[in-house]
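Quick look at data.csv (CSV, C-alpha atoms):
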```csv
chain,number,residue,atom,x,y,z
A,193,MET,CA,-12.4,14.0,12.3
A,194,GLY,CA,-16.0,14.2,11.0
A,195,LYS,CA,-18.1,11.8,9.1
A,196,LEU,CA,-17.0,10.5,5.7
A,197,THR,CA,-19.6,10.9,2.9
A,198,ILE,CA,-19.5,9.9,-0.7
A,199,ASP,CA,-22.1,11.7,-2.7
A,200,PHE,CA,-22.9,11.8,-6.4
A,201,LYS,CA,-25.2,13.6,-8.8
A,202,LEU,CA,-26.2,11.8,-12.0
A,203,ASP,CA,-27.1,14.2,-14.8
A,204,PRO,CA,-30.9,14.1,-14.9
A,205,LEU,CA,-30.8,14.5,-18.7
A,206,LEU,CA,-28.3,11.6,-19.2
A,207,GLU,CA,-29.5,9.4,-22.0
A,208,LEU,CA,-27.9,6.0,-22.8
A,209,ASP,CA,-28.0,4.1,-26.0
A,210,PRO,CA,-30.9,1.6,-25.8
A,211,LYS,CA,-28.9,-1.0,-27.7
A,212,LEU,CA,-26.0,-0.7,-25.2
A,213,LEU,CA,-28.5,-0.9,-22.3
A,214,LYS,CA,-30.1,-4.1,-23.8
A,215,GLN,CA,-26.7,-5.7,-24.2
A,216,LYS,CA,-25.4,-4.4,-20.8
A,217,ASN,CA,-22.4,-3.3,-22.9
A,218,GLY,CA,-19.1,-2.5,-21.1
A,219,LYS,CA,-19.1,0.9,-22.8
A,220,LEU,CA,-21.8,2.0,-20.3
A,221,LEU,CA,-19.1,1.9,-17.6
A,222,ILE,CA,-17.8,5.2,-19.0
A,223,ASP,CA,-21.1,6.5,-20.3
A,224,VAL,CA,-22.7,6.7,-16.9
A,225,ASP,CA,-20.9,9.7,-15.4
A,226,GLY,CA,-21.7,12.5,-13.1
A,227,GLU,CA,-20.4,14.6,-10.2
A,228,LEU,CA,-18.7,12.9,-7.3
A,229,THR,CA,-18.0,14.6,-4.0
A,230,ILE,CA,-16.2,13.1,-1.0
A,231,THR,CA,-16.4,15.0,2.3
A,232,LEU,CA,-14.7,14.5,5.6
A,233,GLY,CA,-16.7,16.3,8.2
A,234,ASP,CA,-17.4,19.7,6.8
A,235,ARG,CA,-14.4,19.8,4.4
A,236,ARG,CA,-14.6,18.8,0.8
A,237,PHE,CA,-11.8,16.3,0.2
A,238,PHE,CA,-12.5,15.4,-3.4
A,239,TRP,CA,-14.8,16.9,-6.1
A,240,GLU,CA,-15.0,15.9,-9.8
A,241,PRO,CA,-17.8,17.2,-12.0
A,242,SER,CA,-17.5,14.4,-14.5
A,243,LEU,CA,-16.5,11.0,-13.2
A,244,THR,CA,-17.4,7.6,-14.4
A,245,LEU,CA,-19.8,6.7,-11.6
A,246,LEU,CA,-20.8,3.3,-12.8
A,247,GLU,CA,-17.1,2.3,-13.3
A,248,LEU,CA,-16.4,3.5,-9.7
A,249,GLY,CA,-19.4,1.6,-8.4
A,250,VAL,CA,-18.3,-1.6,-10.1
A,251,ALA,CA,-14.8,-1.2,-8.8
A,252,LEU,CA,-16.0,-0.6,-5.2
A,253,LYS,CA,-18.5,-3.5,-5.5
A,254,ARG,CA,-15.7,-5.8,-6.6
A,255,TRP,CA,-13.5,-4.7,-3.7
A,256,ARG,CA,-16.3,-5.2,-1.2
A,257,THR,CA,-17.2,-8.6,-2.7
A,258,LYS,CA,-13.6,-9.9,-2.9
A,259,ASP,CA,-12.6,-8.4,0.4
A,260,PRO,CA,-15.7,-8.1,2.6
A,261,GLY,CA,-13.7,-7.5,5.7
A,262,ALA,CA,-11.8,-4.6,4.0
A,263,ASN,CA,-8.3,-6.0,4.6
A,264,LYS,CA,-6.7,-4.9,1.3
A,265,ASP,CA,-6.1,-1.4,-0.1
A,266,PHE,CA,-8.4,-0.1,-2.8
A,267,TYR,CA,-7.2,1.8,-5.8
A,268,PHE,CA,-9.4,3.3,-8.5
A,269,PHE,CA,-8.2,4.1,-12.0
A,270,THR,CA,-10.6,4.8,-14.8
A,271,MET,CA,-10.2,3.4,-18.3
A,272,GLU,CA,-9.9,7.0,-19.4
A,273,HIS,CA,-7.0,7.9,-17.1
A,274,ASP,CA,-3.2,7.2,-17.3
A,275,GLU,CA,-2.4,5.1,-14.3
A,276,ARG,CA,1.1,6.5,-14.1
A,277,GLU,CA,-0.3,9.7,-12.6
A,278,GLY,CA,-1.6,7.8,-9.6
A,279,PRO,CA,-5.0,6.6,-8.4
A,280,ILE,CA,-8.0,8.8,-8.8
A,281,LEU,CA,-9.2,7.4,-5.4
A,282,ALA,CA,-7.4,5.2,-2.9
A,283,PHE,CA,-8.2,3.7,0.5
A,284,ASN,CA,-5.0,2.7,2.2
A,285,LYS,CA,-5.0,0.5,5.2
A,286,LYS,CA,-2.7,1.8,7.8
A,287,SER,CA,-3.4,-0.5,10.8
A,288,ALA,CA,-6.0,-2.9,12.0
A,289,GLY,CA,-9.3,-1.1,11.3
A,290,GLN,CA,-7.7,2.2,10.3
A,291,TRP,CA,-7.7,3.7,6.8
A,292,GLN,CA,-6.4,6.8,5.0
A,293,LEU,CA,-7.8,8.4,1.9
A,294,PHE,CA,-5.8,9.6,-1.0
A,295,SER,CA,-6.5,11.0,-4.5
A,296,ILE,CA,-4.3,12.6,-7.1
A,297,TRP,CA,-7.1,15.2,-7.2
A,298,GLN,CA,-7.6,15.7,-3.5
A,299,GLU,CA,-8.2,19.2,-2.2
A,300,PHE,CA,-6.2,18.7,1.0
A,301,GLU,CA,-3.8,16.1,2.4
A,302,HIS,CA,-5.7,13.8,4.6
A,303,LEU,CA,-3.4,12.6,7.4
A,304,ASP,CA,-6.0,11.5,9.9
A,305,LEU,CA,-7.2,7.9,10.0
A,306,ILE,CA,-10.7,6.7,9.3
A,307,ALA,CA,-12.2,3.8,11.1
A,308,ALA,CA,-13.0,0.8,8.9
A,309,GLU,CA,-16.7,0.9,9.9
A,310,ASP,CA,-17.0,4.5,8.8
A,311,LEU,CA,-15.2,3.9,5.5
A,312,LEU,CA,-17.4,0.8,4.8
A,313,GLU,CA,-20.6,2.7,5.7
A,314,ALA,CA,-19.8,5.5,3.3
A,315,VAL,CA,-18.8,3.0,0.5
A,316,ASP,CA,-21.9,0.8,1.1
A,317,GLY,CA,-24.1,3.9,1.1
A,318,TYR,CA,-22.7,5.1,-2.2
A,319,LEU,CA,-23.1,1.6,-3.7
A,320,ALA,CA,-26.7,1.2,-2.6
A,321,GLU,CA,-27.8,4.7,-3.6
A,322,LEU,CA,-26.1,4.6,-7.0
A,323,GLU,CA,-27.5,1.2,-7.9
A,324,ALA,CA,-31.0,2.2,-6.8
A,325,VAL,CA,-30.8,5.2,-9.2
A,326,LEU,CA,-29.4,3.1,-12.0
A,327,VAL,CA,-32.0,0.4,-11.6
A,328,ASP,CA,-34.8,3.0,-11.5
A,329,ARG,CA,-33.6,5.0,-14.5
A,330,PHE,CA,-31.9,2.4,-16.7
A,331,GLY,CA,-32.5,-1.1,-15.3
A,332,LEU,CA,-28.8,-1.5,-14.6
A,333,ARG,CA,-27.2,-3.5,-11.8
A,334,TYR,CA,-23.5,-3.9,-10.8
A,335,LYS,CA,-23.7,-7.7,-11.5
A,336,ASP,CA,-24.3,-6.9,-15.2
A,337,PHE,CA,-20.8,-5.4,-15.4
A,338,MET,CA,-18.6,-7.3,-13.0
A,339,ARG,CA,-17.2,-9.3,-15.9
A,340,TRP,CA,-15.9,-6.1,-17.5
A,341,TRP,CA,-13.7,-5.2,-14.5
A,342,ALA,CA,-10.2,-6.6,-14.3
A,343,THR,CA,-9.5,-8.8,-11.4
```
What does the file become when written as structure tokens?
Amino acid sequence: MGKLTIDFKLDPLLELDPKLLKQKNGKLLIDVDGELTITLGDRRFFWEPSLTLLELGVALKRWRTKDPGANKDFYFFTMEHDEREGPILAFNKKSAGQWQLFSIWQEFEHLDLIAAEDLLEAVDGYLAELEAVLVDRFGLRYKDFMRWWAT
């Protein structure tokens, strides 16, 4: 099994309402969207051209903050998606330090396990890169939106 990567592309023409930016309004969670690609080695596991990237970032940040050792499963549902269909993205702990990926939109069934350190490296890389772009372009940080995300 190759390296896990979580990559995104924020629309370079994305404009956000200045009033919402000033207020750090929760609507921005769904307004900040773009392309998300997750690869395992050289295979594309997941691709979505229009995903709520800030909402995913806040969900991942909350998971990492509440569970820094990654002991609990992660499930991501957007505000715009019916949860009954299943998680858009899930990290399921299978054994000590071993994880499996799942998505209702996955391109192939992932049966191999991923080491916790590889999963956390990919998640932390996504979080750092996305926040750097959001701070640079819009002055946004995850901490501004943690209150909007359900516990």
From the set A:Leu312, A:Leu245, A:Leu206, A:Leu220, which residue has the shortest atom-to-atom contact distance to Phe269 of chain A, counting all atoms listed in the file?
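Closest to Phe269 of chain A, using all atoms listed in the file: A:Leu245.
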Within 9 Å of (-21.1, 17.9, -5.1) in the file's own coordinates, which protein, DNA or RNA residues have an atom, counting all atoms listed in the file? List them as a ChimeraX atom specification.
/A:199-201,227-230,236,239-241
Near Asp223 of chain A, counting all atoms listed in the file, which residues have an atom at most 8 Å away, once you skip same-chain residues fewer than 2 positions from it, shown as JSON, numbers by chain?
{"A": [208, 219, 220, 221, 225, 244]}
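For the pair atom CA of Gln215 of chain A and atom CA of Gly249 of chain A, the separation is 18.9 Å.
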Can you work out which one of A:Val224, A:Thr270, A:Val315, A:Ala324 has the shortest atom-to-atom distance to Asp209 of chain A, counting only C-alpha atoms?
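Checking each of A:Val224, A:Thr270, A:Val315, A:Ala324 against Asp209 of chain A, counting only C-alpha atoms, the winner is A:Val224.
Distances from A:Leu232, A:Gly218, A:Glu207, A:Pro260 to Leu305 of chain A were compared using only C-alpha atoms, and the smallest one belongs to A:Leu232.
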Rank A:Met338, A:Lys258, A:Asn263, A:Ala282 by their smallest atom-to-atom distance to Ala308 of chain A, using only C-alpha atoms, and report the top residue only.
A:Asn263
For atom CA of Tyr267 of chain A and atom CA of Val325 of chain A, quote the distance in Å rounded to one decimal.
24.1 Å
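As for atom CA of Asp316 of chain A and atom CA of Phe266 of chain A, they are spaced 14.1 Å apart.
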Using only C-alpha atoms, which protein or nucleic acid residues come within 6 Å of Gly226 of chain A? Drop anything in the same chain fewer than 4 positions from it, and give the result as a list in words.
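Residues near the query, excluding close chain neighbours: Lys201, Leu202, Asp203, Ser242 and Leu243 of chain A.
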So which residues fall inside 12 Å of (-7.9, -0.6, -6.7) if we count only C-alpha atoms? Mind giving them as number ranges by chain?
A: 247-256, 258-259, 264-270, 275, 278-284, 294-295, 341-343
Among listed residues A:Met271, A:Leu212, A:Ile306, A:Leu205, nearest Gly233 of chain A (using only C-alpha atoms)
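Among A:Met271, A:Leu212, A:Ile306, A:Leu205, it is A:Ile306 that comes nearest to Gly233 of chain A.
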Counting all atoms listed in the file, the option among A:Thr197, A:Trp297, A:Trp291, A:Leu246 closest to Leu332 of chain A:
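Result for the nearest residue to Leu332 of chain A: A:Leu246.
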Write a file for segment 305-320 of chain A, containing all heavy atoms (output as a short mmCIF file (atom, residue, chain, number, x, y, z; two decimals), in the first residue's frame).
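For reference, decode-v9.cif as written:
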```
data_model
loop_
_atom_site.label_atom_id
_atom_site.label_comp_id
_atom_site.auth_asym_id
_atom_site.auth_seq_id
_atom_site.Cartn_x
_atom_site.Cartn_y
_atom_site.Cartn_z
N LEU A 305 -5.11 -1.88 5.42
CA LEU A 305 -5.08 -1.01 6.57
C LEU A 305 -3.98 0.03 6.41
O LEU A 305 -2.96 -0.22 5.78
CB LEU A 305 -4.87 -1.82 7.85
CG LEU A 305 -5.98 -2.83 8.17
CD1 LEU A 305 -5.63 -3.61 9.43
CD2 LEU A 305 -7.33 -2.15 8.29
N ILE A 306 -4.23 1.19 7.01
CA ILE A 306 -3.28 2.30 6.96
C ILE A 306 -2.77 2.52 8.38
O ILE A 306 -3.56 2.56 9.34
CB ILE A 306 -3.98 3.58 6.45
CG1 ILE A 306 -4.46 3.36 5.03
CG2 ILE A 306 -3.05 4.78 6.53
CD1 ILE A 306 -5.34 4.48 4.52
N ALA A 307 -1.48 2.69 8.50
CA ALA A 307 -0.89 2.96 9.81
C ALA A 307 -1.37 4.31 10.33
O ALA A 307 -1.52 5.27 9.55
CB ALA A 307 0.63 2.94 9.72
N ALA A 308 -1.58 4.39 11.62
CA ALA A 308 -2.07 5.63 12.24
C ALA A 308 -1.17 6.81 11.90
O ALA A 308 -1.66 7.90 11.58
CB ALA A 308 -2.18 5.46 13.74
N GLU A 309 0.13 6.61 11.94
CA GLU A 309 1.04 7.73 11.66
C GLU A 309 0.90 8.23 10.23
O GLU A 309 0.99 9.44 9.97
CB GLU A 309 2.50 7.40 12.01
CG GLU A 309 3.06 6.15 11.38
CD GLU A 309 2.85 4.88 12.20
OE1 GLU A 309 2.16 4.88 13.22
OE2 GLU A 309 3.37 3.84 11.76
N ASP A 310 0.62 7.34 9.28
CA ASP A 310 0.41 7.76 7.88
C ASP A 310 -0.90 8.52 7.72
O ASP A 310 -0.97 9.52 7.00
CB ASP A 310 0.43 6.54 6.95
CG ASP A 310 1.79 5.86 6.92
OD1 ASP A 310 2.81 6.52 7.21
OD2 ASP A 310 1.84 4.66 6.61
N LEU A 311 -1.95 8.04 8.40
CA LEU A 311 -3.23 8.73 8.37
C LEU A 311 -3.11 10.12 8.97
O LEU A 311 -3.54 11.11 8.37
CB LEU A 311 -4.29 7.92 9.12
CG LEU A 311 -5.65 8.60 9.31
CD1 LEU A 311 -6.33 8.82 7.96
CD2 LEU A 311 -6.53 7.79 10.23
N LEU A 312 -2.50 10.21 10.15
CA LEU A 312 -2.39 11.50 10.82
C LEU A 312 -1.48 12.46 10.06
O LEU A 312 -1.73 13.66 10.03
CB LEU A 312 -1.90 11.31 12.25
CG LEU A 312 -2.87 10.51 13.14
CD1 LEU A 312 -2.29 10.34 14.54
CD2 LEU A 312 -4.25 11.14 13.18
N GLU A 313 -0.46 11.95 9.43
CA GLU A 313 0.42 12.80 8.61
C GLU A 313 -0.37 13.41 7.45
O GLU A 313 -0.25 14.61 7.16
CB GLU A 313 1.59 11.98 8.08
CG GLU A 313 2.56 12.79 7.23
CD GLU A 313 3.71 11.95 6.70
OE1 GLU A 313 4.13 10.99 7.37
OE2 GLU A 313 4.19 12.25 5.58
N ALA A 314 -1.21 12.61 6.80
CA ALA A 314 -2.02 13.12 5.68
C ALA A 314 -3.05 14.13 6.17
O ALA A 314 -3.24 15.19 5.56
CB ALA A 314 -2.71 11.96 4.95
N VAL A 315 -3.72 13.84 7.28
CA VAL A 315 -4.72 14.76 7.84
C VAL A 315 -4.06 16.06 8.26
O VAL A 315 -4.53 17.15 7.93
CB VAL A 315 -5.46 14.09 9.04
CG1 VAL A 315 -6.26 15.12 9.82
CG2 VAL A 315 -6.37 12.98 8.54
N ASP A 316 -2.97 15.97 9.00
CA ASP A 316 -2.29 17.17 9.47
C ASP A 316 -1.74 18.00 8.32
O ASP A 316 -1.76 19.24 8.37
CB ASP A 316 -1.18 16.81 10.46
CG ASP A 316 -1.73 16.26 11.78
OD1 ASP A 316 -2.94 16.41 12.04
OD2 ASP A 316 -0.93 15.66 12.53
N GLY A 317 -1.28 17.34 7.27
CA GLY A 317 -0.81 18.06 6.08
C GLY A 317 -1.94 18.83 5.42
O GLY A 317 -1.78 20.00 5.04
N TYR A 318 -3.09 18.19 5.27
CA TYR A 318 -4.27 18.85 4.71
C TYR A 318 -4.65 20.05 5.57
O TYR A 318 -4.89 21.15 5.06
CB TYR A 318 -5.44 17.87 4.61
CG TYR A 318 -6.75 18.52 4.24
CD1 TYR A 318 -7.02 18.85 2.92
CD2 TYR A 318 -7.70 18.84 5.21
CE1 TYR A 318 -8.22 19.47 2.57
CE2 TYR A 318 -8.90 19.45 4.87
CZ TYR A 318 -9.15 19.76 3.54
OH TYR A 318 -10.34 20.38 3.21
N LEU A 319 -4.73 19.86 6.88
CA LEU A 319 -5.14 20.93 7.78
C LEU A 319 -4.19 22.12 7.70
O LEU A 319 -4.63 23.27 7.62
CB LEU A 319 -5.21 20.41 9.22
CG LEU A 319 -6.37 19.48 9.55
CD1 LEU A 319 -6.20 18.87 10.93
CD2 LEU A 319 -7.69 20.21 9.42
N ALA A 320 -2.91 21.85 7.70
CA ALA A 320 -1.92 22.94 7.66
C ALA A 320 -1.98 23.69 6.34
O ALA A 320 -1.97 24.93 6.32
CB ALA A 320 -0.52 22.38 7.90
#
```
